[in-house]
Amino acid sequence: MTRTRATEPSSHAATTSSTVPRTRTYEEVAVGEPLPELAIPLTRTFIVATALASRDYQDVHHDPDLARERGSKDIFMNILTSNALVDRYLTEWAGPAAVVQAIRLRLGAPNHPGDTMVLSGTVTGRTDEERRVEIAVRGTNGLGTHLSGTAEVRLPREAGAS
Amino acid sequence: MSGHQGHDDHGEHGGHDDYEARLRAFVGGELTASTPGPDPVNQPMIRHWVEAMGDENPVYVDQEAARATGRPGVVAPASMVQAWTMRGYAAASGASPSARRGFDELVGLLDEGGYTSVVATDSELEFQRELAPGDEVLVREVVEEISAEKKTGLGAGRFVTTLKTYRDQRGEVVATQRWRTLRFRPARSEPAADTGTGTDTEAKPPPLRPRPAINQDNTFWFEAAKEHSLRIQRCTTCERLRHPPGPCCPECGSLSWDTVEASGHGRVYSFVVNHHPKHPAFPYPLVVALVELAEGTRLLTNLLDVAPEDVEIDMPVVLDWLDADPDLSLPVFRTAVTEVHP
């Protein structure tokens with residue numbers, strides 16, 4: 001209950017450190033603003049490495065023969081990685097002081113090796129009291145839509161704003 | 001969605017009301033008792049994660065950078081919350097701890113209903129606070145809802161919605177994850193995604209295919225198919241091969257014939273992909289192919305285990321057998337390059 005760790009993002013990064021990228025402030029983000037697209041090459045190594053980094057040893061994420069036996073054409077990327085890539089996409093756009101509040105995804109076409117997933121997003125809402133910004137996200141691959149949904153991040157206020 | 005709607009009952013499992021009641025008994029119940037992750041939140045696992053994910057946000061690995069953003073020190077990526085409680089290699093090696101008894105029982109009951117395959121359809125994460133090295137994470141999972149049987153593109157199935165609640169060492173909620181999976185009777189098609197839990201098992205047979213029109217001219221062909229032998233009719237007068245079966249040689253008019261066994265090799269002569277209307281006995285998208293056998297006759301058949309966009313005219317294919325039900329076996333084909341023996 002008394003925990004307050006990291007509940008107040010700060011935009012200090014903009015001015016105090018040369019190694020920390022700047023973070024967008026809540027005030028400068030507008031509904032309708034598109035996020036730049038991010039293309040993720042889905043190499044076999046990426047799919048296996050991300051599965052293991054998330055402690056997911058299910059065979060469909062690393063064993064092509066067993067993946068085929070289970071009716072898939074090849075191994076496919078796991079869901080923890082879908083969440084992680086949306087997480088990454090949000091803070092790459094917003095900056096390191098942004099705090100991710102929610103990632104809500106509908107899951108679809110699998111990410112197989114050799115494909116590329118392109119993430120896109122648009123700001124769809126703002127909530128003043130918590131400085132939360134809602135973003136509609138979509139990840140598409142060669143088969144169709146891998147993921148779609150909404151995410152929320154909390155942004156720092158403008159320096160000097162109250 | 002709470003009341004069970006009239007679902008298509010193919011009579012595969014008797015005592016339906018009883019089965020429904022047993023399923024409903026799980027709603028609100030615990031699938032996984034509160035279970036601590038094997039390790040507290042720690043920098044090495046965070047580093048492995050951000051390296052693999054390609055996430056260059058410095059607040060996950062650099063104390064200075066984290067403090068520059070107003071945090072007391074480095075934090076874990078929000079999306080990593082599920083990873084702290086993953087069972088890892090232990091989950092893949094089989095043994096299930098007693099904390100997961102509810103999960104195992106529900107999966108067993110769904111298996112009993114024929115819902116042997118699983119895909120995850122939704123993950124909804126809400127984060128209450130950021131985690132930092134030293135934090136401990138526990139997870140508890142309860143069932144929110146089990147749907148009536150629905151027809152889906154993957155097969156008939158039920159949506160199972162659960163809520164995972166992640167708490168810290170003080171018992172405070174750090175995140176929740178609503179998790180929806182489809183447990184279905186597989187129709188031999190591509191899973192949409194994985195589940196993070198459980199494993200798939202072999203399919204139960206789908207509803208019966210339409211019966212072929214069997215007559216005295218083609219009985220031999222279907223009888224041979226039951227023995228997994230693909231026969232081609234041959235005119236014993238002029239030796240011409242023909243298919244589909246018929247009483248009379250289209251070349252010389254002879255009524256005498258015998259058969260030869262096909263090699264099982266062929267090429268896609270033409271194909272269509274059937275999306276609609278759907279018949280419950282068939283997997284969709286359904287690739288209907290005209291395969292030209294190495295012997296020269298052509299056969300209408302299905303291609304299995306190949307995505308429609310990967311099918312090409314003249315693609316080499318090999319024979320396999322579909323034992324659709326005890327009374328019907330049919331030749332089907334797979335791509336020659338990715339052949340998998342069942």
# chains A, B, ... in the order shown; residues from 1 in each chain; ligands from 1

call {"tool": "interface_residues", "arguments": {"of": "chain A", "to": "chain B", "cutoff": "6 Å", "atoms": "only C-alpha atoms", "output": "PyMOL selection string"}}
result
chain A and resi 6+9-10+13+20+49-50+53-57+71-72+83-84+88+96-97+101-110

call {"tool": "write_last_selection", "arguments": {"atoms": "N, CA, C and O atoms", "output": "compact mmCIF listing (two decimals), in the first residue's frame"}}
result
# COMPACT_ATOMS: atom_id res chain seq x y z
N ALA A 6 8.36 4.35 -8.78
CA ALA A 6 8.22 4.63 -10.21
C ALA A 6 6.78 4.95 -10.62
O ALA A 6 6.35 4.59 -11.67
N PRO A 9 6.46 9.25 -13.52
CA PRO A 9 7.46 9.38 -14.57
C PRO A 9 7.93 10.82 -14.71
O PRO A 9 7.16 11.74 -14.48
N SER A 10 9.16 10.97 -15.04
CA SER A 10 9.74 12.30 -15.16
C SER A 10 10.31 12.49 -16.55
O SER A 10 10.89 11.58 -17.13
N ALA A 13 14.82 13.22 -18.34
CA ALA A 13 15.73 12.60 -19.29
C ALA A 13 16.02 13.51 -20.47
O ALA A 13 17.10 13.47 -21.05
N VAL A 20 20.31 9.07 -22.24
CA VAL A 20 18.92 8.66 -22.10
C VAL A 20 18.07 9.43 -23.10
O VAL A 20 18.05 10.65 -23.09
N ALA A 49 15.18 -17.72 -29.51
CA ALA A 49 15.81 -16.96 -28.42
C ALA A 49 14.77 -16.28 -27.55
O ALA A 49 14.88 -16.27 -26.32
N THR A 50 13.73 -15.73 -28.16
CA THR A 50 12.71 -15.04 -27.37
C THR A 50 11.88 -16.04 -26.56
O THR A 50 11.51 -15.74 -25.42
N ALA A 53 14.14 -16.91 -23.63
CA ALA A 53 14.29 -15.76 -22.72
C ALA A 53 13.03 -15.58 -21.89
O ALA A 53 13.09 -15.01 -20.80
N SER A 54 11.91 -16.07 -22.38
CA SER A 54 10.67 -15.97 -21.60
C SER A 54 10.36 -17.29 -20.88
O SER A 54 9.25 -17.49 -20.41
N ARG A 55 11.33 -18.17 -20.82
CA ARG A 55 11.20 -19.47 -20.11
C ARG A 55 10.09 -20.33 -20.69
O ARG A 55 9.42 -21.07 -19.97
N ASP A 56 9.90 -20.24 -21.98
CA ASP A 56 8.85 -21.01 -22.65
C ASP A 56 9.52 -22.09 -23.51
O ASP A 56 10.06 -21.81 -24.57
N TYR A 57 9.46 -23.33 -23.01
CA TYR A 57 10.14 -24.45 -23.67
C TYR A 57 9.18 -25.32 -24.46
O TYR A 57 9.51 -26.45 -24.81
N GLY A 71 0.35 -29.78 -36.51
CA GLY A 71 -0.52 -29.13 -37.49
C GLY A 71 -0.06 -27.75 -37.93
O GLY A 71 -0.77 -27.07 -38.66
N SER A 72 1.11 -27.32 -37.49
CA SER A 72 1.61 -26.02 -37.90
C SER A 72 2.60 -26.22 -39.03
O SER A 72 3.17 -27.29 -39.18
N ASN A 83 3.61 -9.78 -26.52
CA ASN A 83 3.46 -8.73 -25.50
C ASN A 83 4.74 -7.90 -25.39
O ASN A 83 4.68 -6.68 -25.28
N ALA A 84 5.88 -8.58 -25.41
CA ALA A 84 7.16 -7.88 -25.25
C ALA A 84 7.41 -6.92 -26.40
O ALA A 84 7.95 -5.82 -26.21
N ARG A 88 7.95 -2.99 -26.17
CA ARG A 88 9.11 -2.32 -26.78
C ARG A 88 8.67 -1.21 -27.74
O ARG A 88 9.22 -0.10 -27.73
N PRO A 96 11.89 6.52 -22.51
CA PRO A 96 12.14 5.63 -21.37
C PRO A 96 11.38 6.00 -20.10
O PRO A 96 11.23 5.14 -19.22
N ALA A 97 10.90 7.22 -19.97
CA ALA A 97 10.17 7.57 -18.74
C ALA A 97 8.71 7.12 -18.81
O ALA A 97 8.01 7.16 -17.80
N GLN A 101 1.01 0.69 -18.93
CA GLN A 101 -0.08 0.41 -17.99
C GLN A 101 -0.94 -0.78 -18.41
O GLN A 101 -1.56 -1.42 -17.57
N ALA A 102 -1.03 -1.01 -19.70
CA ALA A 102 -1.90 -2.10 -20.17
C ALA A 102 -1.49 -2.53 -21.57
O ALA A 102 -1.05 -1.70 -22.38
N ILE A 103 -1.60 -3.83 -21.83
CA ILE A 103 -1.40 -4.38 -23.17
C ILE A 103 -2.50 -5.41 -23.37
O ILE A 103 -2.50 -6.46 -22.70
N ARG A 104 -3.44 -5.11 -24.24
CA ARG A 104 -4.60 -6.00 -24.43
C ARG A 104 -4.63 -6.43 -25.89
O ARG A 104 -4.87 -5.62 -26.78
N LEU A 105 -4.38 -7.71 -26.11
CA LEU A 105 -4.20 -8.18 -27.48
C LEU A 105 -5.16 -9.29 -27.86
O LEU A 105 -5.38 -10.23 -27.10
N ARG A 106 -5.67 -9.20 -29.09
CA ARG A 106 -6.32 -10.31 -29.76
C ARG A 106 -5.26 -10.96 -30.64
O ARG A 106 -4.54 -10.24 -31.35
N LEU A 107 -5.16 -12.28 -30.54
CA LEU A 107 -4.06 -12.96 -31.23
C LEU A 107 -4.57 -13.67 -32.48
O LEU A 107 -5.67 -14.23 -32.47
N GLY A 108 -3.78 -13.63 -33.54
CA GLY A 108 -4.25 -14.18 -34.80
C GLY A 108 -3.20 -15.02 -35.52
O GLY A 108 -2.69 -15.98 -34.97
N ALA A 109 -2.88 -14.63 -36.74
CA ALA A 109 -1.99 -15.42 -37.60
C ALA A 109 -0.62 -15.59 -36.96
O ALA A 109 -0.04 -14.64 -36.46
N PRO A 110 -0.10 -16.82 -36.96
CA PRO A 110 1.18 -17.06 -36.29
C PRO A 110 2.36 -16.40 -37.00
O PRO A 110 2.34 -16.18 -38.21

call {"tool": "residues_around", "arguments": {"residues": "Phe222 of chain B", "least_positions_apart": "2", "cutoff": "12 Å", "atoms": "only C-alpha atoms", "output": "PyMOL selection string"}}
result
chain B and resi 211-220+224-232+244-245+323+327-331

call {"tool": "select_by_dssp", "arguments": {"residues": "segment 6-156 of chain A", "states": "strand (DSSP E)", "output": "PyMOL selection string"}}
result
chain A and resi 34-41+99-107+116-127+132-141+144-154

call {"tool": "closest_residue", "arguments": {"among": "B:Asn42, B:Thr297, B:Thr237, B:Thr181", "to": "Tyr115 of chain B", "atoms": "only C-alpha atoms"}}
result
B:Thr181

call {"tool": "residues_around", "arguments": {"residues": "Asn274 of chain B", "least_positions_apart": "3", "cutoff": "9 Å", "atoms": "only C-alpha atoms", "output": "PDB file with all heavy atoms, in the first residue's frame"}}
result
ATOM      1  N   PRO B 277     -19.623 -22.363 -48.695  1.00  0.00           N
ATOM      2  CA  PRO B 277     -20.143 -22.637 -47.353  1.00  0.00           C
ATOM      3  C   PRO B 277     -19.348 -23.745 -46.679  1.00  0.00           C
ATOM      4  O   PRO B 277     -18.759 -24.580 -47.338  1.00  0.00           O
ATOM      5  CB  PRO B 277     -21.573 -23.093 -47.637  1.00  0.00           C
ATOM      6  CG  PRO B 277     -21.511 -23.691 -48.998  1.00  0.00           C
ATOM      7  CD  PRO B 277     -20.479 -22.909 -49.758  1.00  0.00           C
ATOM      8  N   LYS B 278     -19.368 -23.738 -45.365  1.00  0.00           N
ATOM      9  CA  LYS B 278     -18.573 -24.710 -44.623  1.00  0.00           C
ATOM     10  C   LYS B 278     -19.422 -25.923 -44.251  1.00  0.00           C
ATOM     11  O   LYS B 278     -20.560 -25.789 -43.838  1.00  0.00           O
ATOM     12  CB  LYS B 278     -18.033 -24.070 -43.338  1.00  0.00           C
ATOM     13  CG  LYS B 278     -16.929 -23.052 -43.590  1.00  0.00           C
ATOM     14  CD  LYS B 278     -16.383 -22.513 -42.282  1.00  0.00           C
ATOM     15  CE  LYS B 278     -15.082 -21.748 -42.468  1.00  0.00           C
ATOM     16  NZ  LYS B 278     -15.200 -20.587 -43.338  1.00  0.00           N
ATOM     17  N   TYR B 284     -11.021 -26.039 -42.773  1.00  0.00           N
ATOM     18  CA  TYR B 284     -10.959 -24.855 -43.635  1.00  0.00           C
ATOM     19  C   TYR B 284      -9.779 -23.996 -43.240  1.00  0.00           C
ATOM     20  O   TYR B 284      -9.447 -23.940 -42.067  1.00  0.00           O
ATOM     21  CB  TYR B 284     -12.271 -24.061 -43.536  1.00  0.00           C
ATOM     22  CG  TYR B 284     -13.427 -24.822 -44.118  1.00  0.00           C
ATOM     23  CD1 TYR B 284     -14.171 -25.690 -43.330  1.00  0.00           C
ATOM     24  CD2 TYR B 284     -13.739 -24.699 -45.464  1.00  0.00           C
ATOM     25  CE1 TYR B 284     -15.212 -26.429 -43.882  1.00  0.00           C
ATOM     26  CE2 TYR B 284     -14.777 -25.422 -46.014  1.00  0.00           C
ATOM     27  CZ  TYR B 284     -15.514 -26.297 -45.218  1.00  0.00           C
ATOM     28  OH  TYR B 284     -16.525 -27.007 -45.773  1.00  0.00           O
ATOM     29  N   PRO B 285      -9.182 -23.263 -44.190  1.00  0.00           N
ATOM     30  CA  PRO B 285      -9.524 -23.293 -45.606  1.00  0.00           C
ATOM     31  C   PRO B 285      -9.244 -24.658 -46.221  1.00  0.00           C
ATOM     32  O   PRO B 285      -8.243 -25.290 -45.886  1.00  0.00           O
ATOM     33  CB  PRO B 285      -8.632 -22.215 -46.223  1.00  0.00           C
ATOM     34  CG  PRO B 285      -7.525 -22.026 -45.251  1.00  0.00           C
ATOM     35  CD  PRO B 285      -8.072 -22.343 -43.906  1.00  0.00           C
ATOM     36  N   LEU B 286     -10.118 -25.090 -47.107  1.00  0.00           N
ATOM     37  CA  LEU B 286     -10.051 -26.423 -47.679  1.00  0.00           C
ATOM     38  C   LEU B 286      -9.451 -26.328 -49.081  1.00  0.00           C
ATOM     39  O   LEU B 286     -10.000 -25.650 -49.950  1.00  0.00           O
ATOM     40  CB  LEU B 286     -11.470 -26.989 -47.753  1.00  0.00           C
ATOM     41  CG  LEU B 286     -11.639 -28.379 -48.363  1.00  0.00           C
ATOM     42  CD1 LEU B 286     -10.940 -29.440 -47.533  1.00  0.00           C
ATOM     43  CD2 LEU B 286     -13.127 -28.716 -48.498  1.00  0.00           C
ATOM     44  N   VAL B 287      -8.317 -26.984 -49.254  1.00  0.00           N
ATOM     45  CA  VAL B 287      -7.679 -26.970 -50.572  1.00  0.00           C
ATOM     46  C   VAL B 287      -8.160 -28.190 -51.351  1.00  0.00           C
ATOM     47  O   VAL B 287      -7.854 -29.326 -50.990  1.00  0.00           O
ATOM     48  CB  VAL B 287      -6.144 -26.966 -50.458  1.00  0.00           C
ATOM     49  CG1 VAL B 287      -5.524 -26.910 -51.850  1.00  0.00           C
ATOM     50  CG2 VAL B 287      -5.675 -25.793 -49.609  1.00  0.00           C
ATOM     51  N   VAL B 288      -8.951 -27.936 -52.374  1.00  0.00           N
ATOM     52  CA  VAL B 288      -9.459 -29.000 -53.248  1.00  0.00           C
ATOM     53  C   VAL B 288      -8.583 -29.003 -54.492  1.00  0.00           C
ATOM     54  O   VAL B 288      -8.508 -27.997 -55.199  1.00  0.00           O
ATOM     55  CB  VAL B 288     -10.930 -28.736 -53.625  1.00  0.00           C
ATOM     56  CG1 VAL B 288     -11.451 -29.846 -54.533  1.00  0.00           C
ATOM     57  CG2 VAL B 288     -11.786 -28.617 -52.371  1.00  0.00           C
TER      58      VAL B 288
END

call {"tool": "atom_distance", "arguments": {"atom1": "atom CA of Ser270 of chain B", "atom2": "atom CA of Asn302 of chain B"}}
result
11.4 Å

call {"tool": "residues_around", "arguments": {"residues": "segment 59-69 of chain A", "least_positions_apart": "5", "cutoff": "7 Å", "atoms": "only C-alpha atoms", "output": "PyMOL selection string"}}
result
chain A and resi 47-48+51+74-78

call {"tool": "residues_around", "arguments": {"residues": "Gly125 of chain A", "least_positions_apart": "3", "cutoff": "10 Å", "atoms": "only C-alpha atoms", "output": "mmCIF file with C-alpha atoms, in the first residue's frame"}}
result
data_model
loop_
_atom_site.group_PDB
_atom_site.id
_atom_site.type_symbol
_atom_site.label_atom_id
_atom_site.label_comp_id
_atom_site.auth_asym_id
_atom_site.auth_seq_id
_atom_site.Cartn_x
_atom_site.Cartn_y
_atom_site.Cartn_z
ATOM 1 C CA VAL A 29 0.662 13.799 -27.718
ATOM 2 C CA ALA A 30 -2.567 14.223 -29.666
ATOM 3 C CA VAL A 31 -5.356 11.800 -30.424
ATOM 4 C CA GLY A 32 -5.027 10.618 -34.016
ATOM 5 C CA THR A 122 -2.323 5.268 -33.528
ATOM 6 C CA ASP A 128 -5.852 13.819 -18.214
ATOM 7 C CA ARG A 132 -2.559 8.020 -19.714
ATOM 8 C CA VAL A 133 -2.489 7.694 -23.461
ATOM 9 C CA GLU A 134 -4.308 4.892 -25.253
ATOM 10 C CA ILE A 135 -2.818 3.477 -28.428
ATOM 11 C CA ALA A 136 -4.410 1.101 -30.902
ATOM 12 C CA GLU A 152 -1.898 2.329 -22.466
#

call {"tool": "atom_distance", "arguments": {"atom1": "atom CA of Thr127 of chain A", "atom2": "atom CA of Thr162 of chain B"}}
result
28.0 Å

call {"tool": "residues_around", "arguments": {"residues": "Arg138 of chain A", "least_positions_apart": "6", "cutoff": "7 Å", "atoms": "only C-alpha atoms", "output": "list in words"}}
result
Leu119, Ser120, Gly121, Leu147, Ser148 and Gly149 of chain A

call {"tool": "residues_around", "arguments": {"residues": "Trp257 of chain B", "least_positions_apart": "4", "cutoff": "12 Å", "atoms": "only C-alpha atoms", "output": "list in words"}}
result
Asp217, Phe220, Ile232, Gln233, Arg234, Cys235, Thr236, Thr237, Cys238, Glu239, Arg240, Leu241, Arg242, Pro245, Gly246, Pro247, Cys248, Cys249, Pro250, Cys252 and Gly253 of chain B

call {"tool": "write_last_selection", "arguments": {"atoms": "N, CA, C and O atoms", "output": "tab-separated table (two decimals), in the first residue's frame"}}
result
chain	number	residue	atom	x	y	z
B	217	ASP	N	-19.84	-50.06	-60.19
B	217	ASP	CA	-18.68	-49.70	-61.01
B	217	ASP	C	-17.51	-49.16	-60.20
B	217	ASP	O	-16.36	-49.22	-60.63
B	220	PHE	N	-14.93	-51.19	-56.12
B	220	PHE	CA	-13.54	-51.68	-56.01
B	220	PHE	C	-12.61	-50.58	-55.53
B	220	PHE	O	-11.69	-50.81	-54.75
B	232	ILE	N	-5.99	-47.64	-59.98
B	232	ILE	CA	-6.34	-46.98	-61.24
B	232	ILE	C	-6.88	-48.07	-62.18
B	232	ILE	O	-6.26	-49.13	-62.35
B	233	GLN	N	-8.05	-47.80	-62.74
B	233	GLN	CA	-8.68	-48.79	-63.63
B	233	GLN	C	-7.91	-48.84	-64.96
B	233	GLN	O	-7.48	-47.82	-65.48
B	234	ARG	N	-7.75	-50.08	-65.46
B	234	ARG	CA	-7.02	-50.26	-66.72
B	234	ARG	C	-7.84	-51.13	-67.66
B	234	ARG	O	-8.35	-52.19	-67.29
B	235	CYS	N	-7.95	-50.69	-68.90
B	235	CYS	CA	-8.63	-51.46	-69.93
B	235	CYS	C	-7.73	-52.65	-70.31
B	235	CYS	O	-6.56	-52.46	-70.66
B	236	THR	N	-8.26	-53.85	-70.21
B	236	THR	CA	-7.41	-55.00	-70.52
B	236	THR	C	-7.33	-55.25	-72.03
B	236	THR	O	-6.58	-56.11	-72.48
B	237	THR	N	-8.10	-54.50	-72.79
B	237	THR	CA	-8.02	-54.64	-74.25
B	237	THR	C	-6.96	-53.71	-74.84
B	237	THR	O	-6.06	-54.12	-75.56
B	238	CYS	N	-7.05	-52.39	-74.46
B	238	CYS	CA	-6.10	-51.43	-75.06
B	238	CYS	C	-5.10	-50.88	-74.04
B	238	CYS	O	-4.24	-50.09	-74.40
B	239	GLU	N	-5.23	-51.30	-72.76
B	239	GLU	CA	-4.28	-50.92	-71.71
B	239	GLU	C	-4.41	-49.48	-71.24
B	239	GLU	O	-3.62	-49.01	-70.44
B	240	ARG	N	-5.40	-48.77	-71.76
B	240	ARG	CA	-5.55	-47.38	-71.34
B	240	ARG	C	-5.98	-47.32	-69.87
B	240	ARG	O	-6.85	-48.07	-69.42
B	241	LEU	N	-5.36	-46.38	-69.10
B	241	LEU	CA	-5.74	-46.14	-67.70
B	241	LEU	C	-6.87	-45.12	-67.67
B	241	LEU	O	-6.91	-44.21	-68.51
B	242	ARG	N	-7.79	-45.28	-66.71
B	242	ARG	CA	-8.86	-44.29	-66.61
B	242	ARG	C	-9.28	-44.06	-65.17
B	242	ARG	O	-9.17	-44.92	-64.31
B	245	PRO	N	-13.68	-44.23	-62.05
B	245	PRO	CA	-14.05	-45.56	-62.53
B	245	PRO	C	-15.34	-45.55	-63.36
B	245	PRO	O	-16.24	-44.77	-63.11
B	246	GLY	N	-15.38	-46.43	-64.34
B	246	GLY	CA	-16.57	-46.57	-65.18
B	246	GLY	C	-16.56	-47.94	-65.83
B	246	GLY	O	-15.53	-48.63	-65.83
B	247	PRO	N	-17.68	-48.35	-66.37
B	247	PRO	CA	-17.79	-49.72	-66.91
B	247	PRO	C	-17.09	-49.89	-68.26
B	247	PRO	O	-16.74	-51.02	-68.62
B	248	CYS	N	-16.86	-48.81	-68.94
B	248	CYS	CA	-16.51	-48.94	-70.36
B	248	CYS	C	-15.30	-48.10	-70.70
B	248	CYS	O	-15.18	-46.95	-70.24
B	249	CYS	N	-14.37	-48.61	-71.46
B	249	CYS	CA	-13.17	-47.87	-71.86
B	249	CYS	C	-13.56	-46.75	-72.82
B	249	CYS	O	-14.15	-47.01	-73.86
B	250	PRO	N	-13.22	-45.50	-72.47
B	250	PRO	CA	-13.57	-44.39	-73.37
B	250	PRO	C	-12.75	-44.41	-74.66
B	250	PRO	O	-13.09	-43.73	-75.64
B	252	CYS	N	-11.54	-47.55	-76.38
B	252	CYS	CA	-11.86	-48.61	-77.33
B	252	CYS	C	-13.23	-49.24	-77.09
B	252	CYS	O	-13.68	-50.09	-77.86
B	253	GLY	N	-13.90	-48.81	-76.02
B	253	GLY	CA	-15.25	-49.33	-75.77
B	253	GLY	C	-15.29	-50.68	-75.10
B	253	GLY	O	-16.37	-51.22	-74.84

call {"tool": "closest_residue", "arguments": {"among": "A:Gly144, A:Val123, A:Arg157, A:Gly139", "to": "Glu33 of chain A", "atoms": "only C-alpha atoms"}}
result
A:Val123

call {"tool": "select_by_dssp", "arguments": {"residues": "segment 78-219 of chain B", "states": "alpha helix (DSSP H)", "output": "PyMOL selection string"}}
result
chain B and resi 89-92+101-112+219
